[in-house]
Each structure stands twice: as C-alpha cells, then as structure tokens.
>>> print(open('run31.csv').read())   # CSV, C-alpha atoms
chain,number,residue,atom,x,y,z
A,1,MET,CA,-1.7,-20.1,17.9
A,2,LYS,CA,-2.3,-16.5,19.0
A,3,ARG,CA,0.0,-14.8,21.4
A,4,GLU,CA,-0.6,-11.8,23.6
A,5,VAL,CA,1.4,-8.7,22.9
A,6,THR,CA,1.5,-5.3,24.5
A,7,LEU,CA,2.7,-2.3,22.5
A,8,THR,CA,2.7,1.3,23.2
A,9,VAL,CA,1.6,3.2,20.1
A,10,ASN,CA,1.7,6.9,20.1
A,11,ASP,CA,1.9,6.9,23.9
A,12,ARG,CA,-1.1,4.6,24.4
A,13,SER,CA,-0.8,1.0,25.5
A,14,TYR,CA,-2.6,-1.7,23.6
A,15,THR,CA,-2.8,-5.4,24.5
A,16,ARG,CA,-4.0,-7.8,21.8
A,17,GLN,CA,-4.0,-11.5,20.8
A,18,VAL,CA,-2.2,-11.9,17.5
A,19,GLU,CA,-0.8,-14.6,15.3
A,20,PRO,CA,3.0,-14.6,15.3
A,21,ARG,CA,3.0,-14.0,11.5
A,22,LEU,CA,0.9,-10.8,11.7
A,23,LEU,CA,3.1,-8.0,10.4
A,24,LEU,CA,3.4,-4.8,12.4
A,25,SER,CA,2.0,-2.8,9.5
A,26,ASP,CA,-1.1,-5.0,9.5
A,27,PHE,CA,-1.3,-4.8,13.3
A,28,LEU,CA,-1.3,-1.0,13.2
A,29,ARG,CA,-3.6,-0.7,10.2
A,30,HIS,CA,-6.2,-3.4,11.0
A,31,GLU,CA,-5.9,-4.2,14.6
A,32,LEU,CA,-5.6,-0.6,15.8
A,33,ALA,CA,-7.3,1.0,12.8
A,34,LEU,CA,-4.4,3.4,12.4
A,35,THR,CA,-4.4,3.5,8.7
A,36,GLY,CA,-2.1,6.5,8.3
A,37,THR,CA,0.8,4.0,7.9
A,38,HIS,CA,0.6,2.8,4.3
A,39,VAL,CA,1.8,-0.4,2.7
A,40,GLY,CA,3.3,0.1,-0.8
A,41,CYS,CA,5.7,-2.7,-1.9
A,42,GLU,CA,5.3,-5.1,1.0
A,43,HIS,CA,9.0,-5.9,0.9
A,44,GLY,CA,10.9,-3.1,2.5
A,45,ILE,CA,11.9,-1.0,-0.5
A,46,CYS,CA,9.5,1.8,-0.9
A,47,GLY,CA,9.4,3.2,2.7
A,48,ALA,CA,5.7,4.0,2.8
A,49,CYS,CA,5.3,1.8,5.8
A,50,THR,CA,8.0,3.6,7.8
A,51,VAL,CA,7.2,4.0,11.5
A,52,LEU,CA,9.4,4.7,14.6
A,53,LEU,CA,10.3,1.8,16.9
A,54,ASP,CA,11.6,3.2,20.1
A,55,GLY,CA,12.4,6.4,18.2
A,56,GLU,CA,14.2,4.7,15.3
A,57,PRO,CA,12.7,4.5,11.8
A,58,ILE,CA,11.9,0.9,10.7
A,59,ARG,CA,9.9,-0.8,7.9
A,60,SER,CA,6.7,-2.0,9.6
A,61,CYS,CA,6.1,-4.4,6.7
A,62,LEU,CA,9.3,-6.3,7.6
A,63,ILE,CA,8.7,-7.0,11.3
A,64,PHE,CA,6.1,-8.9,13.1
A,65,ALA,CA,3.9,-7.4,15.7
A,66,VAL,CA,5.2,-9.9,18.2
A,67,GLN,CA,8.7,-8.5,17.7
A,68,ALA,CA,7.4,-5.1,18.8
A,69,ASP,CA,6.0,-6.6,22.1
A,70,GLY,CA,7.0,-4.4,24.9
A,71,HIS,CA,8.3,-1.6,22.6
A,72,GLY,CA,7.1,1.8,21.7
A,73,VAL,CA,5.9,2.6,18.2
A,74,THR,CA,5.2,6.1,16.7
A,75,THR,CA,3.1,6.5,13.6
A,76,VAL,CA,2.1,9.5,11.6
A,77,GLU,CA,-1.0,9.8,13.8
A,78,GLY,CA,1.4,10.4,16.7
A,79,LEU,CA,2.7,13.6,15.1
A,80,SER,CA,-0.9,14.7,14.9
A,81,ASP,CA,-4.1,13.0,13.9
A,82,ASP,CA,-6.0,16.2,13.9
A,83,PRO,CA,-6.1,18.0,10.5
A,84,GLY,CA,-6.9,21.2,12.3
A,85,ASN,CA,-3.9,21.1,14.5
A,86,LEU,CA,-0.9,19.8,12.6
A,87,HIS,CA,2.6,19.2,13.9
A,88,PRO,CA,5.2,21.7,12.5
A,89,LEU,CA,6.6,19.0,10.3
A,90,GLN,CA,3.2,18.3,8.8
A,91,GLN,CA,2.5,22.0,8.5
A,92,ALA,CA,5.7,22.5,6.6
A,93,PHE,CA,4.7,19.9,4.0
A,94,TRP,CA,1.3,21.6,3.6
A,95,GLU,CA,2.9,25.0,3.1
A,96,ALA,CA,5.6,23.8,0.7
A,97,HIS,CA,3.3,21.5,-1.4
A,98,GLY,CA,5.4,18.6,-0.3
A,99,LEU,CA,2.7,16.0,-1.3
A,100,GLN,CA,0.4,15.1,-4.2
A,101,CYS,CA,-1.4,11.8,-3.7
A,102,GLY,CA,-0.1,11.6,-0.1
A,103,PHE,CA,0.5,7.9,-0.1
A,104,CYS,CA,4.3,8.0,0.5
A,105,THR,CA,3.9,11.0,2.9
A,106,PRO,CA,3.5,9.4,6.3
A,107,GLY,CA,6.6,7.3,5.6
A,108,ILE,CA,8.5,10.4,4.7
A,109,LEU,CA,7.3,12.3,7.7
A,110,MET,CA,8.4,9.4,10.1
A,111,THR,CA,11.8,9.2,8.4
A,112,LEU,CA,12.3,13.0,8.7
A,113,LEU,CA,11.2,13.3,12.3
A,114,PRO,CA,14.3,11.7,13.9
A,115,PHE,CA,16.5,13.0,11.1
A,116,LEU,CA,15.6,16.6,11.7
A,117,GLN,CA,16.1,16.1,15.5
A,118,GLU,CA,19.7,14.9,14.8
A,119,HIS,CA,20.4,17.3,11.9
A,120,PRO,CA,18.8,20.7,12.8
A,121,ASP,CA,20.3,22.4,9.8
A,122,PRO,CA,20.5,19.9,7.0
A,123,SER,CA,21.7,20.7,3.5
A,124,GLU,CA,19.7,19.7,0.5
A,125,ASP,CA,22.1,16.8,-0.1
A,126,GLU,CA,21.8,15.6,3.4
A,127,ILE,CA,18.0,15.7,3.1
A,128,ARG,CA,18.0,13.8,-0.1
A,129,GLN,CA,20.4,11.2,1.4
A,130,ALA,CA,18.1,10.8,4.4
A,131,LEU,CA,15.1,10.3,2.2
A,132,SER,CA,16.8,7.8,-0.2
A,133,GLY,CA,14.8,5.0,1.3
A,134,ASN,CA,11.4,6.7,0.6
A,135,LEU,CA,10.1,6.5,-2.9
A,136,CYS,CA,7.6,9.0,-4.3
A,137,ARG,CA,6.0,8.5,-7.7
A,138,CYS,CA,4.1,11.8,-7.8
A,139,THR,CA,6.3,14.7,-6.8
A,140,GLY,CA,9.8,14.4,-8.2
A,141,TYR,CA,11.0,15.1,-4.6
A,142,GLN,CA,11.8,18.7,-5.2
A,143,PHE,CA,9.1,20.1,-2.9
A,144,ILE,CA,9.6,17.3,-0.4
A,145,VAL,CA,13.1,18.6,0.0
A,146,GLU,CA,11.9,22.1,0.4
A,147,ALA,CA,9.3,21.0,2.9
A,148,ALA,CA,12.0,19.3,4.9
A,149,ARG,CA,14.1,22.5,4.9
A,150,ARG,CA,11.1,24.5,5.9
A,151,ALA,CA,10.4,22.0,8.7
A,152,ALA,CA,14.0,22.2,9.9
A,153,GLU,CA,13.5,26.0,10.3
A,154,LYS,CA,10.2,25.6,12.1
A,155,LEU,CA,11.5,23.0,14.5
A,156,HIS,CA,14.6,24.8,15.4
A,157,ALA,CA,13.3,28.4,15.4
A,158,PRO,CA,14.9,30.5,18.1
A,159,GLN,CA,11.6,31.3,19.7
A,160,GLY,CA,10.7,27.7,20.5
A,161,GLY,CA,9.0,25.3,18.1
A,162,ALA,CA,9.4,22.0,20.0
A,163,ALA,CA,9.7,18.9,17.9
B,164,MET,CA,-2.6,45.7,-9.8
B,165,THR,CA,-3.1,43.1,-7.1
B,166,THR,CA,-3.1,39.4,-7.5
B,167,GLN,CA,-5.8,37.3,-5.8
B,168,GLN,CA,-5.6,33.7,-7.0
B,169,PHE,CA,-3.5,34.0,-10.2
B,170,GLY,CA,0.1,33.6,-9.2
B,171,ALA,CA,-0.7,33.2,-5.5
B,172,ARG,CA,0.5,30.2,-3.6
B,173,ILE,CA,-2.6,28.2,-2.7
B,174,ARG,CA,-2.5,25.5,-0.1
B,175,ARG,CA,-4.4,22.4,-1.0
B,176,SER,CA,-7.6,21.7,1.0
B,177,GLU,CA,-6.9,17.9,1.1
B,178,ASP,CA,-3.5,18.1,2.6
B,179,PRO,CA,-4.3,18.3,6.3
B,180,GLN,CA,-6.2,15.0,6.2
B,181,LEU,CA,-3.5,13.3,4.2
B,182,LEU,CA,-0.7,14.6,6.5
B,183,ALA,CA,-2.6,13.6,9.6
B,184,GLY,CA,-3.1,10.0,8.4
B,185,GLN,CA,-6.8,10.5,8.2
B,186,ALA,CA,-7.3,10.1,4.5
B,187,GLN,CA,-9.0,6.9,3.1
B,188,PHE,CA,-7.1,5.1,0.5
B,189,THR,CA,-8.8,2.0,-0.8
B,190,ASP,CA,-7.1,-0.4,1.6
B,191,ASP,CA,-7.8,2.0,4.5
B,192,VAL,CA,-11.5,1.4,4.2
B,193,HIS,CA,-13.0,-0.9,6.9
B,194,LEU,CA,-16.6,-2.0,6.5
B,195,PRO,CA,-18.4,-4.3,8.9
B,196,GLY,CA,-18.4,-7.8,7.6
B,197,MET,CA,-15.9,-6.9,4.9
B,198,LEU,CA,-14.3,-9.9,3.1
B,199,HIS,CA,-10.9,-10.2,1.3
B,200,ALA,CA,-10.0,-11.8,-2.0
B,201,ALA,CA,-6.8,-13.5,-3.1
B,202,PHE,CA,-6.0,-15.2,-6.4
B,203,ALA,CA,-4.4,-18.4,-7.5
B,204,ARG,CA,-2.4,-17.5,-10.6
B,205,SER,CA,-0.7,-19.3,-13.5
B,206,SER,CA,2.9,-20.3,-13.1
B,207,TYR,CA,3.2,-20.9,-16.9
B,208,ALA,CA,3.3,-18.5,-19.8
B,209,HIS,CA,1.2,-20.8,-21.9
B,210,ALA,CA,-0.5,-24.0,-20.9
B,211,THR,CA,-3.7,-26.0,-21.0
B,212,ILE,CA,-5.5,-26.3,-17.7
B,213,ALA,CA,-6.2,-30.0,-17.2
B,214,GLY,CA,-7.8,-29.5,-13.8
B,215,VAL,CA,-8.2,-27.2,-10.8
B,216,ASP,CA,-8.6,-28.6,-7.4
B,217,VAL,CA,-10.1,-26.1,-4.9
B,218,GLU,CA,-11.4,-28.5,-2.3
B,219,ALA,CA,-8.6,-28.0,0.3
B,220,ALA,CA,-9.0,-24.2,-0.2
B,221,ARG,CA,-12.8,-24.4,0.2
B,222,SER,CA,-12.6,-26.3,3.4
B,223,LEU,CA,-10.1,-24.0,5.1
B,224,PRO,CA,-11.8,-22.3,8.1
B,225,GLY,CA,-12.5,-18.7,7.3
B,226,VAL,CA,-12.9,-19.2,3.6
B,227,ILE,CA,-16.3,-18.1,2.3
B,228,ALA,CA,-16.0,-19.2,-1.3
B,229,VAL,CA,-13.6,-20.2,-4.1
B,230,PHE,CA,-14.5,-19.4,-7.7
B,231,THR,CA,-13.1,-20.7,-10.9
B,232,ALA,CA,-14.2,-20.0,-14.5
B,233,GLU,CA,-16.3,-23.1,-14.3
B,234,ASP,CA,-18.3,-21.6,-11.4
B,235,LEU,CA,-19.1,-18.6,-13.5
B,236,GLY,CA,-20.9,-20.8,-15.9
B,237,ASP,CA,-22.8,-18.9,-18.6
B,238,PHE,CA,-21.6,-15.6,-17.1
B,239,TRP,CA,-18.1,-16.2,-18.2
B,240,GLN,CA,-17.2,-14.3,-21.3
B,241,PRO,CA,-14.2,-12.6,-22.8
B,242,SER,CA,-13.9,-9.1,-21.6
B,243,PRO,CA,-15.1,-6.4,-24.0
B,244,LEU,CA,-12.7,-4.7,-26.3
B,245,LEU,CA,-13.0,-1.1,-25.0
B,246,VAL,CA,-11.0,0.7,-27.7
B,247,PRO,CA,-11.0,-1.0,-31.1
B,248,PRO,CA,-8.0,-0.3,-33.2
B,249,PRO,CA,-8.4,2.3,-35.9
B,250,PRO,CA,-9.0,0.7,-39.3
B,251,ALA,CA,-5.8,0.3,-41.3
B,252,GLU,CA,-5.7,-0.9,-44.9
B,253,HIS,CA,-4.4,-4.5,-45.3
B,254,VAL,CA,-4.3,-5.1,-41.6
B,255,ILE,CA,-6.3,-8.0,-40.2
B,256,PHE,CA,-7.1,-7.5,-36.5
B,257,ASN,CA,-7.9,-10.6,-34.4
B,258,GLU,CA,-9.8,-9.6,-31.4
B,259,ARG,CA,-8.6,-11.5,-28.3
B,260,THR,CA,-9.5,-10.4,-24.8
B,261,ALA,CA,-9.0,-12.2,-21.6
B,262,GLY,CA,-11.9,-13.6,-19.5
B,263,GLN,CA,-12.3,-12.9,-15.8
B,264,LEU,CA,-10.7,-16.1,-14.7
B,265,ALA,CA,-8.7,-18.4,-17.0
B,266,LYS,CA,-10.8,-20.9,-18.8
B,267,ASP,CA,-9.2,-24.0,-20.3
B,268,LYS,CA,-5.9,-22.3,-21.1
B,269,VAL,CA,-3.5,-19.8,-19.5
B,270,ARG,CA,-1.7,-17.3,-21.6
B,271,TYR,CA,0.6,-15.5,-19.2
B,272,VAL,CA,2.4,-16.1,-16.0
B,273,GLY,CA,0.2,-14.6,-13.3
B,274,GLU,CA,-3.1,-15.0,-15.1
B,275,PRO,CA,-5.8,-15.5,-12.5
B,276,ILE,CA,-7.2,-19.0,-12.4
B,277,ALA,CA,-9.2,-19.0,-9.2
B,278,MET,CA,-10.5,-16.4,-6.7
B,279,VAL,CA,-10.7,-17.1,-3.0
B,280,VAL,CA,-12.9,-15.0,-0.8
B,281,ALA,CA,-12.2,-15.2,3.0
B,282,GLU,CA,-12.5,-13.4,6.3
B,283,SER,CA,-9.0,-12.0,6.2
B,284,ARG,CA,-6.3,-11.4,3.7
B,285,TYR,CA,-4.0,-13.9,5.5
B,286,ILE,CA,-6.6,-16.7,5.3
B,287,ALA,CA,-7.4,-15.8,1.7
B,288,GLU,CA,-3.7,-16.1,0.7
B,289,ASP,CA,-3.3,-19.4,2.7
B,290,ALA,CA,-6.2,-20.8,0.8
B,291,ALA,CA,-4.9,-19.6,-2.6
B,292,GLU,CA,-1.7,-21.6,-1.8
B,293,LEU,CA,-3.8,-24.7,-1.3
B,294,ILE,CA,-5.3,-24.6,-4.8
B,295,GLU,CA,-3.7,-27.2,-7.1
B,296,VAL,CA,-3.7,-26.7,-10.8
B,297,GLU,CA,-2.8,-29.4,-13.3
B,298,TYR,CA,-1.1,-27.8,-16.3
B,299,GLU,CA,-0.1,-29.2,-19.7
B,300,PRO,CA,2.6,-26.7,-20.7
B,301,LEU,CA,2.6,-25.4,-24.3
B,302,PRO,CA,5.3,-23.6,-26.2
B,303,ALA,CA,5.5,-19.9,-25.4
B,304,VAL,CA,6.9,-17.1,-27.4
B,305,VAL,CA,9.2,-15.1,-25.2
B,306,ASP,CA,11.5,-13.3,-27.6
B,307,LEU,CA,11.6,-12.0,-31.1
>>> encode(input="run31.csv", output="structure tokens")
Amino acid sequence: MKREVTLTVNDRSYTRQVEPRLLLSDFLRHELALTGTHVGCEHGICGACTVLLDGEPIRSCLIFAVQADGHGVTTVEGLSDDPGNLHPLQQAFWEAHGLQCGFCTPGILMTLLPFLQEHPDPSEDEIRQALSGNLCRCTGYQFIVEAARRAAEKLHAPQGGAA
Amino acid sequence: MTTQQFGARIRRSEDPQLLAGQAQFTDDVHLPGMLHAAFARSSYAHATIAGVDVEAARSLPGVIAVFTAEDLGDFWQPSPLLVPPPPAEHVIFNERTAGQLAKDKVRYVGEPIAMVVAESRYIAEDAAELIEVEYEPLPAVVDL
C-alpha cells in the first residue's frame, strides 16, 4: 500500500514511505513537520498551500506526495525558518505590515518569489495580477502590494541583495 | 516636539515567526499520541433518524472510537442558549438549540450525526464514510 518517495525539500533530501493518496501539503506538514505551509480551502482556490515545485508555484493541496517523487520543493521555511534572520522578501512584509493573522502569508511569499525574480520592477497592477490566486481575508491586500513593491526594491538593489 | 510611539511606524513583534513559518496555528500543533476526529453528517435538511450503523467504522484499523448521540446517554442535552433574546411585547420565543450530535432527528444538511476518533485524519474520514444512516425524510422549508 505504501510507496517510497524521495523528495528534496528546501535543499534537503527526504525519503519516506507514503500512501499514494497522501497530499503533498500533508506530507510537508505532518511527515516533515514543516507547518509553515498552510491549508485553507483544500481545493486549490485560496492559495495558502502554495509551494514551489522545481521553482514553479503549485497548489500543494492538489498534488500527491508521490507525484513530487524525485523533484525539488521549496516552502516558506526555505526562504528562512529563522525569525531572527529573515529573507529580504520576508523582511519587506514585516516592514510594510503586509500581514495580519499570517495564515495566507506563506502562500503569498512563495507566489511572489519566482514572480519577483522574473519581474524585477513590477507595477501595482502586475503585482495584483500575480497575487490573484492568493486570498487574504484580513488585510484588504493594500499593504501586501506595498510589501511586494518593497521586496522588489530590496531584491534588486544595485548594491546586491541576492534573491 | 518629537514623536516616540504616537504616529511612529511600529513593526509587529509576532511577524518574524509568522513570516518564517514558525507560528503555531491550531492544525500546526503536533502532540504525541494526538488523535483526529471526523464527522458523519446529515444529507437531508429534515429527517427522522431510523438507525445509525457504525460497526464497519468501529472495526476499521486505526479507529479508536465512534460516538453517536446514543453513546452520550444522559450526558446528551440541548446546548445552552447563550444569549437570550431581549423581551419583546407580544412575541413568543420558542427556545430551540441543537445537541452535540443529532438525536432522533436531523434539522439541516450537514448536521453531525456521529463522530469518529482515529489515529489519522485520513483514517477518520475513511471511517466516517463507512457509517450508514437510515433516514426517513420529512418536508423541509427551504424558501419563503
């Protein structure tokens, strides 16, 4: 019934025995205890479960762990899991008050990471478009957009600021 | 005149943990020996419950217990009315609150009928699907 899978998550390799029906979100949260990735709607709408699969944002609630066998996954803990040493993207959200309850935030961060790499100077419209698949009940999105702008500046500052 | 806190932009102290995925929302909590619950719920808006068969659910490996209103025995009671309505002249208020699990009758689609407790959420939901409820549907008011 169980199958062996090997995934690289945040640059670490993990081999586990899993049921084929185990969702990637549940694998990350319960098998690996990486609970930064949250599960909101469980059917792909809200975006809270967004992680990167080989660098591309995907809904971890909509794929099985076995489908990620042999692939690389990046979660919010891969940006930084150390509150004392945040990634510039996380730092921008802190400075711009880009979160309230924080439940949607990891999904938003993981959506923004590849977006900001591809769009180093996004307009407000482009940011809103990029985040159209991430729902937030608390903030009204205004400061999320500001945080994304602030992050773009941090990540592409002339003096460095690697992504 | 200098501003210290009033008007100053203050960064929240909880943000670093939330941003680094280190916060503990309820479902993030892992305790040793923790169990998980799932519910079998009514598919009818209004019906009498003729019977609930939980045997298949109870015997599923990994299921710790299955509870129905009957199992609660004398502990089953309508939930308390926490906020009574203000008294209004000529208004008769009939107090009706739900019990913890449906007893004898279901009054809305989704009303919990049985609770499964199991070792994992997946097993709990498997077991909830195995619970068979015999309904005698009754008319339901679904519009004005």
>>> closest_residue(input="run31.csv", among="A:Ser60, A:Ser80, A:Thr111, A:Ser123", to="A:Leu135", atoms="all atoms listed in the file")
A:Thr111
>>> closest_atom_pairs(input="run31.csv", of="chain A", to="chain B", cutoff="7 Å", atoms="all atoms listed in the file", output="CSV")
residue,atom,partner,partner_atom,distance
A:Thr35,CA,B:Asp191,CA,5.6
A:Gly36,CA,B:Gly184,CA,3.6
A:Val76,CA,B:Gly184,CA,6.1
A:Glu77,CA,B:Gly184,CA,5.8
A:Ser80,CA,B:Ala183,CA,5.7
A:Asp81,CA,B:Ala183,CA,4.6
A:Asp82,CA,B:Ala183,CA,6.1
A:Pro83,CA,B:Pro179,CA,4.6
A:Gln90,CA,B:Leu182,CA,5.8
A:Trp94,CA,B:Asp178,CA,6.0
A:Glu95,CA,B:Arg174,CA,6.3
A:Gly102,CA,B:Leu181,CA,5.7
A:Thr105,CA,B:Leu182,CA,6.9
A:Pro106,CA,B:Leu182,CA,6.7
>>> write_last_selection(input="run31.csv", atoms="C-alpha atoms", output="mmCIF file, keeping the file's coordinate frame")
data_model
loop_
_atom_site.group_PDB
_atom_site.id
_atom_site.type_symbol
_atom_site.label_atom_id
_atom_site.label_comp_id
_atom_site.auth_asym_id
_atom_site.auth_seq_id
_atom_site.Cartn_x
_atom_site.Cartn_y
_atom_site.Cartn_z
ATOM 1 C CA THR A 35 -4.400 3.500 8.700
ATOM 2 C CA GLY A 36 -2.100 6.500 8.300
ATOM 3 C CA VAL A 76 2.100 9.500 11.600
ATOM 4 C CA GLU A 77 -1.000 9.800 13.800
ATOM 5 C CA SER A 80 -0.900 14.700 14.900
ATOM 6 C CA ASP A 81 -4.100 13.000 13.900
ATOM 7 C CA ASP A 82 -6.000 16.200 13.900
ATOM 8 C CA PRO A 83 -6.100 18.000 10.500
ATOM 9 C CA GLN A 90 3.200 18.300 8.800
ATOM 10 C CA TRP A 94 1.300 21.600 3.600
ATOM 11 C CA GLU A 95 2.900 25.000 3.100
ATOM 12 C CA GLY A 102 -0.100 11.600 -0.100
ATOM 13 C CA THR A 105 3.900 11.000 2.900
ATOM 14 C CA PRO A 106 3.500 9.400 6.300
#
>>> atom_distance(input="run31.csv", atom1="atom CA of A:Ile45", atom2="atom CA of A:Pro122")
23.8 Å
>>> atom_distance(input="run31.csv", atom1="atom CA of B:Pro195", atom2="atom CA of A:Pro20")
24.6 Å
>>> residues_around(input="run31.csv", residues="A:Glu118", least_positions_apart="6", cutoff="12 Å", atoms="all atoms listed in the file", output="VMD selection string")
chain A and resid 55 to 56 111 to 112 126 to 127 130 152 155 to 156 163
>>> residues_around(input="run31.csv", residues="A:Thr50", least_positions_apart="2", cutoff="7 Å", atoms="only C-alpha atoms", output="PDB file with C-alpha atoms, in the frame of the given file")
ATOM      1  CA  GLY A  47       9.400   3.200   2.700  1.00  0.00           C
ATOM      2  CA  ALA A  48       5.700   4.000   2.800  1.00  0.00           C
ATOM      3  CA  PRO A  57      12.700   4.500  11.800  1.00  0.00           C
ATOM      4  CA  ILE A  58      11.900   0.900  10.700  1.00  0.00           C
ATOM      5  CA  ARG A  59       9.900  -0.800   7.900  1.00  0.00           C
ATOM      6  CA  SER A  60       6.700  -2.000   9.600  1.00  0.00           C
ATOM      7  CA  GLY A 107       6.600   7.300   5.600  1.00  0.00           C
ATOM      8  CA  MET A 110       8.400   9.400  10.100  1.00  0.00           C
ATOM      9  CA  THR A 111      11.800   9.200   8.400  1.00  0.00           C
TER      10      THR A 111
END
>>> atom_distance(input="run31.csv", atom1="atom CA of B:Glu233", atom2="atom CA of B:Ala281")
19.5 Å
>>> residues_around(input="run31.csv", residues="B:Ala213", least_positions_apart="6", cutoff="12 Å", atoms="all atoms listed in the file", output="list in words")
Ala265, Lys266, Asp267, Lys268, Val269, Glu295, Val296, Glu297, Tyr298, Glu299 and Pro300 of chain B
>>> residues_near_point(input="run31.csv", point="(-1.5, -26.8, 0.8)", cutoff="12 Å", atoms="only C-alpha atoms", output="NGL selection string")
:B and (216-223 or 288-296)
>>> closest_residue(input="run31.csv", among="B:Glu274, B:Glu282, B:Asp237, B:Asp306", to="B:Tyr207", atoms="all atoms listed in the file")
B:Glu274
>>> residues_around(input="run31.csv", residues="stretch 259-263 of chain B", least_positions_apart="4", cutoff="10 Å", atoms="only C-alpha atoms", output="ChimeraX atom specification")
/B:231-232,235,238-245,269-270,274-278
>>> residues_around(input="run31.csv", residues="A:Glu31", least_positions_apart="3", cutoff="10 Å", atoms="only C-alpha atoms", output="PDB file with C-alpha atoms, in the coordinates of the input")
ATOM      1  CA  TYR A  14      -2.600  -1.700  23.600  1.00  0.00           C
ATOM      2  CA  ARG A  16      -4.000  -7.800  21.800  1.00  0.00           C
ATOM      3  CA  GLN A  17      -4.000 -11.500  20.800  1.00  0.00           C
ATOM      4  CA  VAL A  18      -2.200 -11.900  17.500  1.00  0.00           C
ATOM      5  CA  LEU A  22       0.900 -10.800  11.700  1.00  0.00           C
ATOM      6  CA  LEU A  24       3.400  -4.800  12.400  1.00  0.00           C
ATOM      7  CA  SER A  25       2.000  -2.800   9.500  1.00  0.00           C
ATOM      8  CA  ASP A  26      -1.100  -5.000   9.500  1.00  0.00           C
ATOM      9  CA  PHE A  27      -1.300  -4.800  13.300  1.00  0.00           C
ATOM     10  CA  LEU A  28      -1.300  -1.000  13.200  1.00  0.00           C
ATOM     11  CA  LEU A  34      -4.400   3.400  12.400  1.00  0.00           C
ATOM     12  CA  THR A  35      -4.400   3.500   8.700  1.00  0.00           C
TER      13      THR A  35
END
>>> build_atoms(input="run31.csv", residues="stretch 51-74 of chain A", atoms="N, CA and C atoms", output="CSV table (one decimal), in the frame of the given file")
chain,number,residue,atom,x,y,z
A,51,VAL,N,7.7,3.5,10.2
A,51,VAL,CA,7.2,4.0,11.5
A,51,VAL,C,8.5,4.1,12.4
A,52,LEU,N,8.3,4.7,13.6
A,52,LEU,CA,9.4,4.7,14.6
A,52,LEU,C,9.2,3.6,15.6
A,53,LEU,N,10.3,2.8,15.8
A,53,LEU,CA,10.3,1.8,16.9
A,53,LEU,C,11.3,2.3,17.9
A,54,ASP,N,10.8,2.6,19.1
A,54,ASP,CA,11.6,3.2,20.1
A,54,ASP,C,12.4,4.4,19.5
A,55,GLY,N,11.8,5.2,18.7
A,55,GLY,CA,12.4,6.4,18.2
A,55,GLY,C,13.2,6.2,16.9
A,56,GLU,N,13.4,5.0,16.5
A,56,GLU,CA,14.2,4.7,15.3
A,56,GLU,C,13.3,4.3,14.1
A,57,PRO,N,13.6,4.9,12.9
A,57,PRO,CA,12.7,4.5,11.8
A,57,PRO,C,12.9,3.1,11.3
A,58,ILE,N,11.8,2.3,11.2
A,58,ILE,CA,11.9,0.9,10.7
A,58,ILE,C,10.8,0.7,9.7
A,59,ARG,N,11.0,-0.4,8.9
A,59,ARG,CA,9.9,-0.8,7.9
A,59,ARG,C,8.9,-1.7,8.7
A,60,SER,N,7.7,-1.2,8.9
A,60,SER,CA,6.7,-2.0,9.6
A,60,SER,C,6.2,-3.2,8.8
A,61,CYS,N,6.5,-3.2,7.5
A,61,CYS,CA,6.1,-4.4,6.7
A,61,CYS,C,7.1,-5.5,6.8
A,62,LEU,N,8.2,-5.3,7.5
A,62,LEU,CA,9.3,-6.3,7.6
A,62,LEU,C,9.5,-6.8,9.0
A,63,ILE,N,8.7,-6.4,9.9
A,63,ILE,CA,8.7,-7.0,11.3
A,63,ILE,C,7.4,-7.4,11.7
A,64,PHE,N,7.4,-8.4,12.6
A,64,PHE,CA,6.1,-8.9,13.1
A,64,PHE,C,5.7,-8.2,14.3
A,65,ALA,N,4.4,-8.1,14.5
A,65,ALA,CA,3.9,-7.4,15.7
A,65,ALA,C,4.5,-8.0,17.0
A,66,VAL,N,4.7,-9.3,17.0
A,66,VAL,CA,5.2,-9.9,18.2
A,66,VAL,C,6.7,-9.4,18.5
A,67,GLN,N,7.4,-9.0,17.5
A,67,GLN,CA,8.7,-8.5,17.7
A,67,GLN,C,8.7,-7.1,18.3
A,68,ALA,N,7.6,-6.4,18.2
A,68,ALA,CA,7.4,-5.1,18.8
A,68,ALA,C,6.8,-5.2,20.2
A,69,ASP,N,6.6,-6.4,20.7
A,69,ASP,CA,6.0,-6.6,22.1
A,69,ASP,C,6.9,-5.9,23.1
A,70,GLY,N,6.3,-5.1,23.9
A,70,GLY,CA,7.0,-4.4,24.9
A,70,GLY,C,7.8,-3.1,24.5
A,71,HIS,N,7.6,-2.8,23.2
A,71,HIS,CA,8.3,-1.6,22.6
A,71,HIS,C,7.3,-0.5,22.3
A,72,GLY,N,7.9,0.7,22.0
A,72,GLY,CA,7.1,1.8,21.7
A,72,GLY,C,7.1,2.1,20.2
A,73,VAL,N,6.0,2.4,19.6
A,73,VAL,CA,5.9,2.6,18.2
A,73,VAL,C,5.3,4.0,18.0
A,74,THR,N,5.8,4.8,17.1
A,74,THR,CA,5.2,6.1,16.7
A,74,THR,C,4.8,6.1,15.3
